[in-house]
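S.K.: This is start_8.txt (compact mmCIF, C-alpha atoms).
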```
# COMPACT_ATOMS: atom_id res chain seq x y z
CA MET W 13 237.08 61.11 -6.17
CA LYS W 14 239.38 62.07 -3.31
CA ASP W 15 242.39 60.04 -4.42
CA ARG W 16 243.64 59.44 -7.95
CA ALA W 17 244.65 55.85 -7.16
CA THR W 18 243.16 53.00 -5.23
CA ALA W 19 244.67 51.45 -2.11
CA ASN W 20 248.12 49.97 -2.64
CA LYS W 21 248.72 46.25 -2.45
CA LYS W 22 251.87 44.19 -2.16
CA PRO W 23 252.92 42.79 -5.55
CA SER W 24 251.69 39.29 -6.22
CA ALA W 25 253.74 36.49 -7.74
CA ALA W 26 251.85 37.16 -10.98
CA VAL W 27 253.07 40.77 -10.99
CA ASP W 28 256.65 39.65 -10.44
CA ASP W 29 256.38 37.04 -13.19
CA LYS W 30 254.90 39.58 -15.59
CA TYR W 31 257.73 42.01 -14.81
CA GLU W 32 260.46 39.38 -15.25
CA ASN W 33 258.94 38.33 -18.56
CA TRP W 34 258.92 41.94 -19.68
CA LYS W 35 262.54 42.51 -18.65
CA SER W 36 263.67 39.44 -20.59
CA VAL W 37 262.37 40.90 -23.88
CA VAL W 38 263.57 44.48 -23.37
CA PRO W 39 266.50 44.07 -25.85
CA ILE W 40 264.00 43.01 -28.54
CA LEU W 41 261.21 45.53 -27.95
CA TYR W 42 263.15 48.71 -27.14
CA ASP W 43 265.66 50.90 -28.91
CA TRP W 44 266.54 52.49 -25.56
CA LEU W 45 265.41 52.34 -21.94
CA ALA W 46 266.62 53.99 -18.74
CA ASN W 47 265.34 53.03 -15.27
CA HIS W 48 265.63 55.53 -12.41
CA ASN W 49 264.67 54.70 -8.82
CA LEU W 50 262.95 57.51 -6.94
CA VAL W 51 263.36 57.80 -3.16
CA TRP W 52 259.97 59.53 -2.99
CA PRO W 53 257.03 59.12 -5.40
CA SER W 54 256.51 61.70 -8.13
CA LEU W 55 252.88 62.21 -9.18
CA SER W 56 253.87 64.05 -12.36
CA CYS W 57 256.64 64.00 -14.97
CA ARG W 58 257.11 66.48 -17.80
CA TRP W 59 259.75 67.08 -20.44
CA GLY W 60 261.26 70.56 -20.50
CA PRO W 61 263.40 72.37 -23.08
CA LEU W 62 266.27 70.92 -25.07
CA LEU W 63 269.58 72.10 -23.60
CA GLU W 64 272.35 70.51 -25.70
CA GLN W 65 272.70 68.30 -28.76
CA SER W 66 275.63 66.00 -29.44
CA LYS W 67 276.39 63.06 -31.72
CA ASN W 68 274.99 60.26 -29.57
CA LYS W 69 272.67 62.00 -27.13
CA ASN W 70 270.68 65.13 -26.30
CA ARG W 71 270.53 66.83 -22.92
CA GLN W 72 267.08 67.95 -21.88
CA ARG W 73 265.22 69.31 -18.87
CA LEU W 74 262.91 66.98 -16.97
CA TYR W 75 260.43 68.12 -14.31
CA LEU W 76 259.59 65.81 -11.40
CA SER W 77 258.49 66.08 -7.79
CA GLU W 78 259.06 64.43 -4.43
CA GLN W 79 255.93 63.54 -2.45
CA THR W 80 257.34 62.92 1.01
CA ASP W 81 256.04 61.61 4.32
CA GLY W 82 256.77 64.88 6.14
CA SER W 83 260.23 63.93 7.39
CA VAL W 84 261.60 66.22 4.67
CA PRO W 85 259.74 68.86 2.63
CA ASN W 86 257.84 68.22 -0.60
CA THR W 87 259.79 69.43 -3.61
CA LEU W 88 259.60 70.36 -7.26
CA VAL W 89 262.67 68.82 -8.92
CA ILE W 90 264.33 70.13 -12.09
CA ALA W 91 266.58 67.46 -13.57
CA ASN W 92 268.89 67.28 -16.57
CA CYS W 93 268.38 64.14 -18.62
CA ASP W 94 270.69 62.64 -21.23
CA VAL W 95 268.46 61.15 -23.94
CA VAL W 96 270.37 58.60 -26.00
CA LYS W 97 269.71 58.93 -29.73
CA PRO W 98 268.10 56.14 -31.78
CA LYS W 99 270.21 53.12 -32.78
CA VAL W 100 273.01 54.05 -30.38
CA ALA W 101 272.39 51.93 -27.26
CA ALA W 102 273.57 48.31 -27.34
CA ALA W 103 270.62 45.93 -27.00
CA GLU W 104 272.34 43.74 -24.43
CA HIS W 105 272.98 46.73 -22.16
CA ILE W 106 269.58 48.41 -21.91
CA SER W 107 268.04 45.58 -19.87
CA GLN W 108 270.96 45.36 -17.44
CA PHE W 109 269.76 47.81 -14.83
CA ASN W 110 269.33 47.60 -11.07
CA GLU W 111 265.78 48.46 -9.98
CA GLU W 112 267.07 50.00 -6.73
CA ALA W 113 269.61 52.31 -8.40
CA ARG W 114 269.46 55.77 -9.85
CA SER W 115 270.09 56.12 -13.55
CA PRO W 116 273.31 57.83 -14.71
CA PHE W 117 271.18 59.50 -17.40
CA VAL W 118 269.15 61.55 -14.87
CA LYS W 119 270.88 64.22 -12.75
CA LYS W 120 269.18 66.61 -10.34
CA TYR W 121 269.80 70.24 -11.41
CA LYS W 122 267.70 72.27 -8.99
CA THR W 123 265.30 71.73 -6.10
CA ILE W 124 262.41 74.02 -5.17
CA ILE W 125 260.82 73.61 -1.73
CA HIS W 126 257.18 73.32 -2.71
CA PRO W 127 254.32 74.43 -0.43
CA GLY W 128 252.50 71.08 -0.25
CA GLU W 129 252.84 68.02 -2.44
CA VAL W 130 253.07 68.52 -6.21
CA ASN W 131 250.09 66.83 -7.86
CA ARG W 132 250.60 68.13 -11.37
CA ILE W 133 253.28 69.98 -13.35
CA SER W 134 252.68 71.80 -16.63
CA GLU W 135 255.20 73.74 -18.71
CA LEU W 136 254.50 77.01 -20.56
CA PRO W 137 255.24 76.54 -24.29
CA GLN W 138 255.95 80.24 -24.87
CA ASN W 139 258.65 80.42 -22.20
CA LYS W 140 260.62 77.28 -21.47
CA ASN W 141 261.62 78.44 -17.99
CA ILE W 142 258.06 78.78 -16.68
CA VAL W 143 256.10 75.92 -15.12
CA ALA W 144 252.81 75.75 -13.24
CA THR W 145 252.02 73.38 -10.37
CA HIS W 146 248.93 72.12 -8.59
CA THR W 147 248.93 71.15 -4.93
CA ASP W 148 246.22 70.57 -2.32
CA CYS W 149 245.00 74.17 -2.31
CA PRO W 150 242.77 76.41 -4.46
CA GLU W 151 245.66 78.33 -6.06
CA VAL W 152 247.80 77.54 -9.11
CA LEU W 153 251.49 78.28 -8.53
CA ILE W 154 253.72 79.70 -11.29
CA TRP W 155 257.50 79.20 -11.09
CA ASP W 156 260.38 80.73 -13.04
CA ILE W 157 262.80 77.81 -12.97
CA GLU W 158 265.93 79.81 -13.81
CA THR W 159 265.47 82.60 -11.27
CA GLN W 160 264.32 80.36 -8.40
CA PRO W 161 267.22 79.60 -6.01
CA ASN W 162 268.38 76.02 -5.59
CA ARG W 163 267.32 74.77 -2.14
CA HIS W 164 268.27 71.91 0.14
CA ALA W 165 265.32 69.77 1.23
CA VAL W 166 265.83 69.44 4.98
CA LEU W 167 263.22 69.38 7.72
CA GLY W 168 262.15 72.84 8.86
CA VAL W 169 263.48 74.73 5.85
CA ALA W 170 261.33 77.63 4.62
CA GLU W 171 259.18 77.04 1.54
CA SER W 172 260.17 78.59 -1.79
CA HIS W 173 258.08 81.56 -2.93
CA ALA W 174 256.16 81.10 -6.16
CA ASP W 175 256.74 83.88 -8.69
CA LEU W 176 253.01 84.22 -9.30
CA VAL W 177 249.89 82.82 -7.63
CA LEU W 178 246.73 82.37 -9.71
CA THR W 179 243.54 82.84 -7.70
CA GLY W 180 239.90 82.17 -8.53
CA HIS W 181 239.04 78.69 -7.24
CA ALA W 182 236.73 78.43 -4.25
CA ASP W 183 238.01 74.98 -3.19
CA ASN W 184 241.10 72.84 -3.72
CA ALA W 185 242.26 72.45 -7.32
CA GLU W 186 244.49 69.39 -7.28
CA PHE W 187 244.92 67.78 -10.69
CA ALA W 188 243.26 69.57 -13.63
CA LEU W 189 245.90 71.87 -15.16
CA ALA W 190 246.82 72.89 -18.71
CA MET W 191 248.83 75.51 -20.57
CA CYS W 192 247.73 76.92 -23.91
CA PRO W 193 249.98 75.95 -26.88
CA THR W 194 249.64 79.32 -28.61
CA GLU W 195 249.52 82.03 -25.89
CA PRO W 196 250.44 82.20 -22.17
CA TYR W 197 247.01 81.14 -20.92
CA VAL W 198 246.48 78.78 -17.99
CA LEU W 199 243.48 76.53 -17.37
CA SER W 200 242.54 74.74 -14.14
CA GLY W 201 239.75 72.68 -12.61
CA GLY W 202 238.96 71.82 -9.02
CA LYS W 203 236.72 70.43 -6.31
CA ASP W 204 234.59 73.56 -6.57
CA LYS W 205 233.36 72.15 -9.94
CA TYR W 206 234.79 75.24 -11.68
CA VAL W 207 236.98 75.52 -14.74
CA VAL W 208 239.09 78.68 -14.38
CA LEU W 209 241.00 80.55 -17.11
CA TRP W 210 243.88 83.01 -16.65
CA SER W 211 246.07 85.01 -19.02
CA ILE W 212 249.61 85.64 -17.81
CA HIS W 213 249.53 88.61 -20.20
CA ASP W 214 247.20 90.25 -17.66
CA HIS W 215 250.01 90.05 -15.11
CA ILE W 216 252.63 91.39 -17.52
CA SER W 217 250.47 94.40 -18.37
CA THR W 218 250.26 95.41 -14.71
CA LEU W 219 254.02 95.54 -14.22
CA THR W 220 255.77 98.87 -14.51
CA GLY W 221 259.20 98.93 -16.02
CA GLU W 222 259.16 95.16 -16.69
CA SER W 223 259.95 93.79 -20.12
CA ALA W 224 257.45 91.46 -21.76
CA ASN W 225 260.25 89.93 -23.83
CA PRO W 226 259.33 86.21 -24.08
CA GLN W 227 263.00 85.29 -23.67
CA GLY W 228 263.15 86.96 -20.27
CA SER W 229 261.25 86.26 -17.08
CA ILE W 230 257.59 86.96 -17.75
CA VAL W 231 256.39 86.46 -14.20
CA LYS W 232 259.17 87.74 -11.94
CA THR W 233 257.99 90.36 -9.49
CA ALA W 234 257.36 90.69 -5.74
CA ASP W 235 257.07 87.47 -3.75
CA ASN W 236 253.70 85.78 -4.14
CA ALA W 237 252.19 88.33 -6.52
CA SER W 238 248.68 87.18 -7.38
CA LEU W 239 246.53 87.26 -10.50
CA GLY W 240 242.76 86.88 -10.81
CA PRO W 241 241.02 84.93 -13.58
CA ARG W 242 239.81 85.91 -17.04
CA GLY W 243 236.78 83.70 -16.52
CA ILE W 244 235.17 81.11 -14.25
CA PHE W 245 233.21 78.45 -16.13
CA GLN W 246 230.44 76.47 -14.44
CA GLY W 247 228.75 73.35 -15.76
CA HIS W 248 230.18 70.35 -13.94
CA THR W 249 228.29 68.82 -11.01
CA ASP W 250 231.31 67.19 -9.37
CA THR W 251 235.10 67.60 -9.12
CA VAL W 252 236.84 68.61 -12.36
CA GLU W 253 239.66 66.10 -12.90
CA ASP W 254 241.34 67.35 -16.10
CA VAL W 255 241.27 70.19 -18.61
CA GLN W 256 242.79 70.79 -22.04
CA PHE W 257 242.99 73.62 -24.57
CA CYS W 258 242.05 73.30 -28.19
CA PRO W 259 245.52 73.16 -29.85
CA THR W 260 244.99 76.33 -31.91
CA SER W 261 242.84 78.46 -29.60
CA THR W 262 243.15 80.42 -26.38
CA GLN W 263 239.38 80.57 -26.02
CA GLU W 264 238.24 76.99 -26.72
CA PHE W 265 238.90 74.20 -24.24
CA CYS W 266 237.42 71.07 -22.70
CA SER W 267 237.13 69.47 -19.28
CA VAL W 268 236.19 66.16 -17.67
CA GLY W 269 235.20 65.24 -14.16
CA ASP W 270 233.76 62.90 -11.57
CA ASP W 271 230.28 63.61 -12.95
CA SER W 272 231.24 61.37 -15.94
CA CYS W 273 230.88 64.36 -18.26
CA LEU W 274 233.00 65.79 -21.06
CA ILE W 275 232.31 69.51 -21.53
CA LEU W 276 233.42 71.82 -24.36
CA TRP W 277 233.73 75.55 -23.66
CA ASP W 278 234.24 78.73 -25.69
CA ALA W 279 235.20 81.80 -23.66
CA ARG W 280 234.15 84.08 -26.54
CA VAL W 281 230.46 83.28 -26.00
CA GLY W 282 230.23 83.08 -22.21
CA THR W 283 230.93 80.91 -19.19
CA SER W 284 228.34 78.19 -19.82
CA PRO W 285 229.07 74.94 -21.68
CA ILE W 286 228.96 74.92 -25.48
CA THR W 287 228.41 71.16 -25.42
CA LYS W 288 227.95 68.86 -22.45
CA VAL W 289 228.48 65.17 -23.09
CA LYS W 290 226.68 63.30 -20.33
CA LYS W 291 227.82 59.76 -19.56
CA ALA W 292 231.00 60.11 -21.59
CA HIS W 293 231.98 57.07 -19.48
CA ASN W 294 230.27 54.87 -16.92
CA ALA W 295 232.40 56.21 -14.06
CA ASP W 296 234.62 59.17 -13.07
CA VAL W 297 236.55 60.62 -16.01
CA HIS W 298 240.16 61.20 -14.96
CA CYS W 299 241.91 62.61 -18.01
CA VAL W 300 241.45 64.28 -21.39
CA ASP W 301 243.61 65.28 -24.35
CA TRP W 302 242.91 67.12 -27.61
CA ASN W 303 244.56 65.90 -30.81
CA PRO W 304 247.16 68.50 -31.94
CA HIS W 305 247.08 67.12 -35.51
CA ASP W 306 243.29 66.84 -35.95
CA GLN W 307 241.21 69.13 -33.78
CA ASN W 308 238.09 67.05 -34.23
CA PHE W 309 239.34 64.26 -31.97
CA ILE W 310 239.39 64.27 -28.16
CA LEU W 311 240.53 61.42 -25.88
CA THR W 312 239.13 60.65 -22.43
CA GLY W 313 240.27 58.08 -19.84
CA SER W 314 238.14 56.80 -16.99
CA ALA W 315 237.80 54.82 -13.79
CA ASP W 316 235.77 52.36 -15.90
CA HIS W 317 239.16 51.17 -17.28
CA SER W 318 238.48 52.45 -20.80
CA VAL W 319 239.71 55.16 -23.16
CA CYS W 320 237.19 56.83 -25.47
CA MET W 321 237.83 58.87 -28.60
CA PHE W 322 235.20 61.49 -29.37
CA ASP W 323 234.62 63.46 -32.57
CA ARG W 324 233.60 67.01 -31.67
CA ARG W 325 231.35 67.10 -34.75
CA ASN W 326 229.23 64.25 -33.39
CA LEU W 327 229.65 63.97 -29.65
CA THR W 328 226.34 62.51 -28.50
CA SER W 329 223.58 60.12 -29.47
CA ASP W 330 220.22 60.34 -27.73
CA GLY W 331 221.73 62.74 -25.21
CA VAL W 332 224.61 60.53 -24.03
CA GLY W 333 228.22 60.23 -25.11
CA SER W 334 228.78 58.53 -28.44
CA PRO W 335 232.51 57.88 -28.92
CA VAL W 336 233.97 57.04 -32.32
CA HIS W 337 236.04 54.32 -30.66
CA LYS W 338 236.21 52.80 -27.20
CA PHE W 339 239.58 51.26 -26.31
CA GLU W 340 239.39 48.54 -23.67
CA GLU W 341 242.43 46.64 -22.45
CA HIS W 342 243.49 48.23 -19.17
CA LYS W 343 242.59 46.23 -16.07
CA ALA W 344 242.25 49.23 -13.74
CA PRO W 345 241.31 52.94 -13.79
CA VAL W 346 242.99 55.00 -16.52
CA LEU W 347 244.95 57.95 -15.09
CA CYS W 348 246.54 59.64 -18.12
CA VAL W 349 246.00 59.88 -21.90
CA GLN W 350 248.10 61.77 -24.43
CA TRP W 351 248.25 62.00 -28.20
CA CYS W 352 251.56 61.17 -29.86
CA PRO W 353 253.29 64.27 -31.31
CA ASP W 354 254.85 62.17 -34.09
CA LYS W 355 251.82 60.45 -35.67
CA SER W 356 248.29 61.83 -35.70
CA SER W 357 246.47 58.54 -35.12
CA VAL W 358 248.65 57.30 -32.24
CA PHE W 359 248.16 57.93 -28.53
CA GLY W 360 249.18 56.52 -25.16
CA SER W 361 247.26 55.69 -22.00
CA SER W 362 248.48 54.77 -18.52
CA ALA W 363 246.58 53.18 -15.67
CA GLU W 364 246.63 51.75 -12.18
CA ASP W 365 247.37 48.34 -13.72
CA GLY W 366 251.02 49.46 -14.11
CA CYS W 367 250.98 49.60 -17.92
CA VAL W 368 251.41 52.27 -20.57
CA ASN W 369 249.48 51.22 -23.67
CA ILE W 370 250.23 52.66 -27.11
CA TRP W 371 247.32 52.66 -29.56
CA ASP W 372 246.65 53.55 -33.20
CA TYR W 373 242.99 54.32 -33.77
CA LYS W 374 243.34 53.73 -37.51
CA GLN W 375 244.12 50.11 -36.69
CA ALA W 376 241.14 49.75 -34.37
CA GLY W 377 238.80 48.66 -37.13
CA LYS W 378 241.20 46.46 -39.07
CA GLN W 379 243.14 44.04 -36.90
CA THR W 380 245.41 42.00 -39.13
CA GLU W 381 244.74 38.31 -39.67
CA ASP W 382 248.11 37.36 -38.21
CA GLY W 383 247.73 39.61 -35.15
CA ALA W 384 247.49 38.20 -31.66
CA PRO W 385 244.03 36.59 -31.34
CA ASN W 386 243.29 38.30 -28.02
CA ALA W 387 244.81 41.68 -28.86
CA ALA W 388 242.61 44.69 -28.13
CA PRO W 389 241.67 46.52 -31.36
CA GLY W 390 244.12 49.37 -31.97
CA LEU W 391 246.66 48.31 -29.32
CA PHE W 392 250.12 47.83 -30.81
CA PHE W 393 252.55 48.24 -27.89
CA LYS W 394 252.34 47.63 -24.14
CA HIS W 395 255.01 48.99 -21.81
CA CYS W 396 255.07 46.76 -18.71
CA GLY W 397 258.18 48.09 -16.99
CA HIS W 398 256.35 49.46 -13.96
CA ARG W 399 255.13 47.28 -11.10
CA ASP W 400 252.49 49.63 -9.72
CA LYS W 401 250.15 52.38 -10.93
CA VAL W 402 251.56 54.62 -13.69
CA VAL W 403 250.42 58.04 -12.52
CA ASP W 404 251.81 60.07 -15.42
CA PHE W 405 253.68 59.86 -18.72
CA HIS W 406 254.76 62.38 -21.34
CA TRP W 407 255.79 62.09 -25.00
CA ASN W 408 259.00 63.92 -25.92
CA VAL W 409 258.45 66.48 -28.69
CA TYR W 410 262.22 66.83 -29.28
CA ASP W 411 262.95 63.12 -29.54
CA PRO W 412 260.43 61.14 -31.65
CA TRP W 413 258.71 58.15 -30.04
CA THR W 414 260.45 58.73 -26.69
CA ILE W 415 258.36 58.63 -23.51
CA VAL W 416 258.99 59.33 -19.83
CA SER W 417 256.67 57.51 -17.41
CA VAL W 418 256.49 57.40 -13.63
CA SER W 419 254.87 54.99 -11.19
CA ASP W 420 253.97 55.48 -7.54
CA ASP W 421 255.11 52.20 -6.00
CA VAL W 422 255.96 53.14 -2.44
CA GLU W 423 254.03 50.11 -1.17
CA THR W 424 255.32 47.56 -3.67
CA THR W 425 259.09 48.09 -3.81
CA SER W 426 261.77 49.44 -1.49
CA GLY W 427 261.78 52.72 -3.43
CA GLY W 428 259.12 55.39 -3.51
CA GLY W 429 258.66 55.37 -7.27
CA THR W 430 260.10 54.37 -10.60
CA LEU W 431 260.91 56.73 -13.46
CA GLN W 432 261.49 55.17 -16.87
CA ILE W 433 262.54 56.80 -20.13
CA TRP W 434 261.97 54.56 -23.12
CA ARG W 435 261.74 54.35 -26.87
CA MET W 436 260.24 51.33 -28.58
CA SER W 437 262.05 49.74 -31.52
CA ASP W 438 261.17 51.44 -34.79
CA LEU W 439 260.44 47.99 -36.24
CA ILE W 440 257.21 48.13 -34.24
CA TYR W 441 255.69 51.31 -35.67
CA ARG W 442 257.23 51.68 -39.12
CA PRO W 443 255.26 50.51 -42.21
CA ARG W 444 255.18 46.73 -42.44
CA ASP W 445 256.58 46.48 -45.99
CA GLU W 446 259.50 48.74 -45.08
CA VAL W 447 260.33 46.65 -42.01
CA VAL W 448 260.11 43.34 -43.91
CA HIS W 449 262.44 44.70 -46.60
CA GLU W 450 264.98 45.83 -44.00
CA LEU W 451 264.89 42.48 -42.23
CA GLU W 452 265.34 40.60 -45.52
CA GLU W 453 268.37 42.74 -46.30
CA PHE W 454 269.77 42.07 -42.84
CA LYS W 455 269.16 38.33 -43.26
CA ALA W 456 271.06 38.38 -46.56
CA HIS W 457 273.88 40.35 -44.94
CA VAL W 458 274.18 37.86 -42.08
CA ALA W 459 274.15 34.95 -44.52
CA GLY W 460 276.93 36.65 -46.51
CA CYS W 461 279.04 36.97 -43.36
CA GLY W 462 278.97 33.22 -42.71
CA PRO W 463 281.90 30.85 -43.35
CA LYS W 464 282.77 30.43 -47.00
CA ALA W 465 282.39 26.97 -48.50
```
Could you quickly redo this structure as structure tokens?

M.R.:
Amino acid sequence: MKDRATANKKPSAAVDDKYENWKSVVPILYDWLANHNLVWPSLSCRWGPLLEQSKNKNRQRLYLSEQTDGSVPNTLVIANCDVVKPKVAAAEHISQFNEEARSPFVKKYKTIIHPGEVNRISELPQNKNIVATHTDCPEVLIWDIETQPNRHAVLGVAESHADLVLTGHADNAEFALAMCPTEPYVLSGGKDKYVVLWSIHDHISTLTGESANPQGSIVKTADNASLGPRGIFQGHTDTVEDVQFCPTSTQEFCSVGDDSCLILWDARVGTSPITKVKKAHNADVHCVDWNPHDQNFILTGSADHSVCMFDRRNLTSDGVGSPVHKFEEHKAPVLCVQWCPDKSSVFGSSAEDGCVNIWDYKQAGKQTEDGAPNAAPGLFFKHCGHRDKVVDFHWNVYDPWTIVSVSDDVETTSGGGTLQIWRMSDLIYRPRDEVVHELEEFKAHVAGCGPKA
């Protein structure tokens, strides 16, 4: 798969109608929403560290990119984002935004001139200033956000120098990128069909006179210092599209690719697959995520428009993939899946159909009698604020149930992309009895405020 999205089309009247219908119900469905027009598309969006907390909002880092047409350089953008706290925004205000405008909640903090377009961004959990990026080359680039100088993106300007370059791929590694939650390990996959593992500790140990203090810069050294891999893992027969660590291990991880396979690896026992799930889907597998709450469950998203949930204890049946659940509602290839950090059974998926779907697998087998008759099992929220393919989204670990999502809509609107930060109303995900009780109390309160007889 050479391109993560199919050819762009002009929006149809149906797309416009769907969008207008969505916008009309924003005050009902959302606690908060911010819409930010992007001059250039961003293929990735990631939350960074929390910077400030105040009564009504938090300030937080947000990582984006600018994929340009060559008239100006490609960039990695570090923004500061004001995240409004729950039950603060007025319902009538959150839907009153101009699609062509930039949001006052998102401010650019620093620009890095990136060598090539940024396909993927991943942040290092152990050091909030360190991010990794993938571009159209074999190397993984490591950046220290705080020590990198702020640059102006003008034609002809010199590229920024990465603080560390990870080598080991034999061909371009464009999308598959992950950071380990527990230690500074980096994982990547590429067109060479390899999965490659690095430890940034290996770089630290080679420095003389440098501190390994996790609060300081753990990668700063001479321009474009390079680091070779801990291991190169071979088992895929086509491009590796995504990789993910086991949430509690530096040595266990998984990968998916255009060979329709899901592979589990364990670096402690060698560089060959521990388990290879053939035909995990009926097409290219674009994305994978490992449940941080329950390590038995792994999500995959595919060009066959579906999301599958696998149990690592029972991955196959008769030699082919045997998912616990298959979630089918998207109308186009799925590009991103991610487990919710706030509830173990909830996850999101985004696709080329312009939607971010929020699912609860525990509801997949027990749709309620009064649910929508055509609702997909497990689907309980559908974010339709984008008008073209949603290339990435990211749950916010510091702000429960808050998501940033980004669409590449250079062909469908006058802007290059749309960034949205949103939080659904808590009436949607809280326990039903609790919500009904609250609404009954509110009804009684409203009735008590009426004119006296």

S.K.: In Å, with one decimal, what is the gap from CA of Leu274 in chain W to CA of Thr251 in chain W?

M.R.: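 It comes out at 12.3 Å.
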
S.K.: Tell me, in Å to one decimal, how far CA of Leu41 in chain W is from CA of Val100 in chain W.

M.R.: 14.8 Å

S.K.: Do a neighbour search on range 89-99 of chain W at 7 Å with all atoms listed in the file, toss out local chain neighbours closer than 5 positions, and write the hits as JSON, numbers by chain.

M.R.: {"W": [43, 68, 69, 70, 71, 72, 73, 74, 75, 76, 77, 117, 118, 119, 120, 121, 122, 123, 124]}

S.K.: Just to confirm, what's the straight-line distance from CA of Ser56 in chain W to CA of Ala165 in chain W in Å (one decimal)?

M.R.: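 Spanning CA of Ser56 in chain W to CA of Ala165 in chain W is a straight-line distance of 18.7 Å.
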
S.K.: Identify the residues within 12 Å of coordinate (236.6, 61.5, -22.3) (same frame as the file), considering all atoms listed in the file, and give the answer as an mmCIF file with C-alpha atoms, in the coordinates of the input.

M.R.:
```cif
data_model
loop_
_atom_site.group_PDB
_atom_site.id
_atom_site.type_symbol
_atom_site.label_atom_id
_atom_site.label_comp_id
_atom_site.auth_asym_id
_atom_site.auth_seq_id
_atom_site.Cartn_x
_atom_site.Cartn_y
_atom_site.Cartn_z
ATOM 1 C CA GLU W 253 239.660 66.100 -12.900
ATOM 2 C CA ASP W 254 241.340 67.350 -16.100
ATOM 3 C CA VAL W 255 241.270 70.190 -18.610
ATOM 4 C CA GLN W 256 242.790 70.790 -22.040
ATOM 5 C CA CYS W 266 237.420 71.070 -22.700
ATOM 6 C CA SER W 267 237.130 69.470 -19.280
ATOM 7 C CA VAL W 268 236.190 66.160 -17.670
ATOM 8 C CA GLY W 269 235.200 65.240 -14.160
ATOM 9 C CA ASP W 270 233.760 62.900 -11.570
ATOM 10 C CA ASP W 271 230.280 63.610 -12.950
ATOM 11 C CA SER W 272 231.240 61.370 -15.940
ATOM 12 C CA CYS W 273 230.880 64.360 -18.260
ATOM 13 C CA LEU W 274 233.000 65.790 -21.060
ATOM 14 C CA ILE W 275 232.310 69.510 -21.530
ATOM 15 C CA LEU W 276 233.420 71.820 -24.360
ATOM 16 C CA LYS W 288 227.950 68.860 -22.450
ATOM 17 C CA VAL W 289 228.480 65.170 -23.090
ATOM 18 C CA LYS W 290 226.680 63.300 -20.330
ATOM 19 C CA LYS W 291 227.820 59.760 -19.560
ATOM 20 C CA ALA W 292 231.000 60.110 -21.590
ATOM 21 C CA HIS W 293 231.980 57.070 -19.480
ATOM 22 C CA ASN W 294 230.270 54.870 -16.920
ATOM 23 C CA ALA W 295 232.400 56.210 -14.060
ATOM 24 C CA ASP W 296 234.620 59.170 -13.070
ATOM 25 C CA VAL W 297 236.550 60.620 -16.010
ATOM 26 C CA HIS W 298 240.160 61.200 -14.960
ATOM 27 C CA CYS W 299 241.910 62.610 -18.010
ATOM 28 C CA VAL W 300 241.450 64.280 -21.390
ATOM 29 C CA ASP W 301 243.610 65.280 -24.350
ATOM 30 C CA TRP W 302 242.910 67.120 -27.610
ATOM 31 C CA PHE W 309 239.340 64.260 -31.970
ATOM 32 C CA ILE W 310 239.390 64.270 -28.160
ATOM 33 C CA LEU W 311 240.530 61.420 -25.880
ATOM 34 C CA THR W 312 239.130 60.650 -22.430
ATOM 35 C CA GLY W 313 240.270 58.080 -19.840
ATOM 36 C CA SER W 314 238.140 56.800 -16.990
ATOM 37 C CA ALA W 315 237.800 54.820 -13.790
ATOM 38 C CA ASP W 316 235.770 52.360 -15.900
ATOM 39 C CA HIS W 317 239.160 51.170 -17.280
ATOM 40 C CA SER W 318 238.480 52.450 -20.800
ATOM 41 C CA VAL W 319 239.710 55.160 -23.160
ATOM 42 C CA CYS W 320 237.190 56.830 -25.470
ATOM 43 C CA MET W 321 237.830 58.870 -28.600
ATOM 44 C CA PHE W 322 235.200 61.490 -29.370
ATOM 45 C CA ASP W 323 234.620 63.460 -32.570
ATOM 46 C CA ARG W 324 233.600 67.010 -31.670
ATOM 47 C CA LEU W 327 229.650 63.970 -29.650
ATOM 48 C CA GLY W 333 228.220 60.230 -25.110
ATOM 49 C CA SER W 334 228.780 58.530 -28.440
ATOM 50 C CA PRO W 335 232.510 57.880 -28.920
ATOM 51 C CA VAL W 336 233.970 57.040 -32.320
ATOM 52 C CA HIS W 337 236.040 54.320 -30.660
ATOM 53 C CA LYS W 338 236.210 52.800 -27.200
ATOM 54 C CA PHE W 339 239.580 51.260 -26.310
ATOM 55 C CA VAL W 346 242.990 55.000 -16.520
ATOM 56 C CA LEU W 347 244.950 57.950 -15.090
ATOM 57 C CA CYS W 348 246.540 59.640 -18.120
ATOM 58 C CA VAL W 349 246.000 59.880 -21.900
ATOM 59 C CA GLN W 350 248.100 61.770 -24.430
#
```

S.K.: Please, which residues in range 232-267 of chain W fall within 9 Å of range 187-205 of chain W when counting all atoms listed in the file, and what is the closest atom pair and distance in Å to one decimal for each, ordered by chain then residue number, as a tab-separated table?

M.R.:
```
residue	atom	partner	partner_atom	distance
W:Phe245	CA	W:Lys205	CA	8.8
W:Gln246	CA	W:Lys205	CA	6.9
W:Gly247	CA	W:Lys205	CA	7.5
W:His248	CA	W:Lys205	CA	5.4
W:Thr249	CA	W:Lys205	CA	6.2
W:Asp250	CA	W:Lys205	CA	5.4
W:Thr251	CA	W:Lys203	CA	4.3
W:Val252	CA	W:Gly201	CA	5.0
W:Glu253	CA	W:Ala188	CA	5.1
W:Asp254	CA	W:Ala188	CA	3.8
W:Val255	CA	W:Ala188	CA	5.4
W:Gln256	CA	W:Ala190	CA	5.6
W:Phe257	CA	W:Cys192	CA	5.8
W:Cys258	CA	W:Cys192	CA	8.0
W:Pro259	CA	W:Pro193	CA	6.0
W:Thr260	CA	W:Thr194	CA	6.4
W:Ser261	CA	W:Thr194	CA	6.9
W:Thr262	CA	W:Cys192	CA	6.3
W:Phe265	CA	W:Leu199	CA	8.6
W:Ser267	CA	W:Gly201	CA	7.9
```
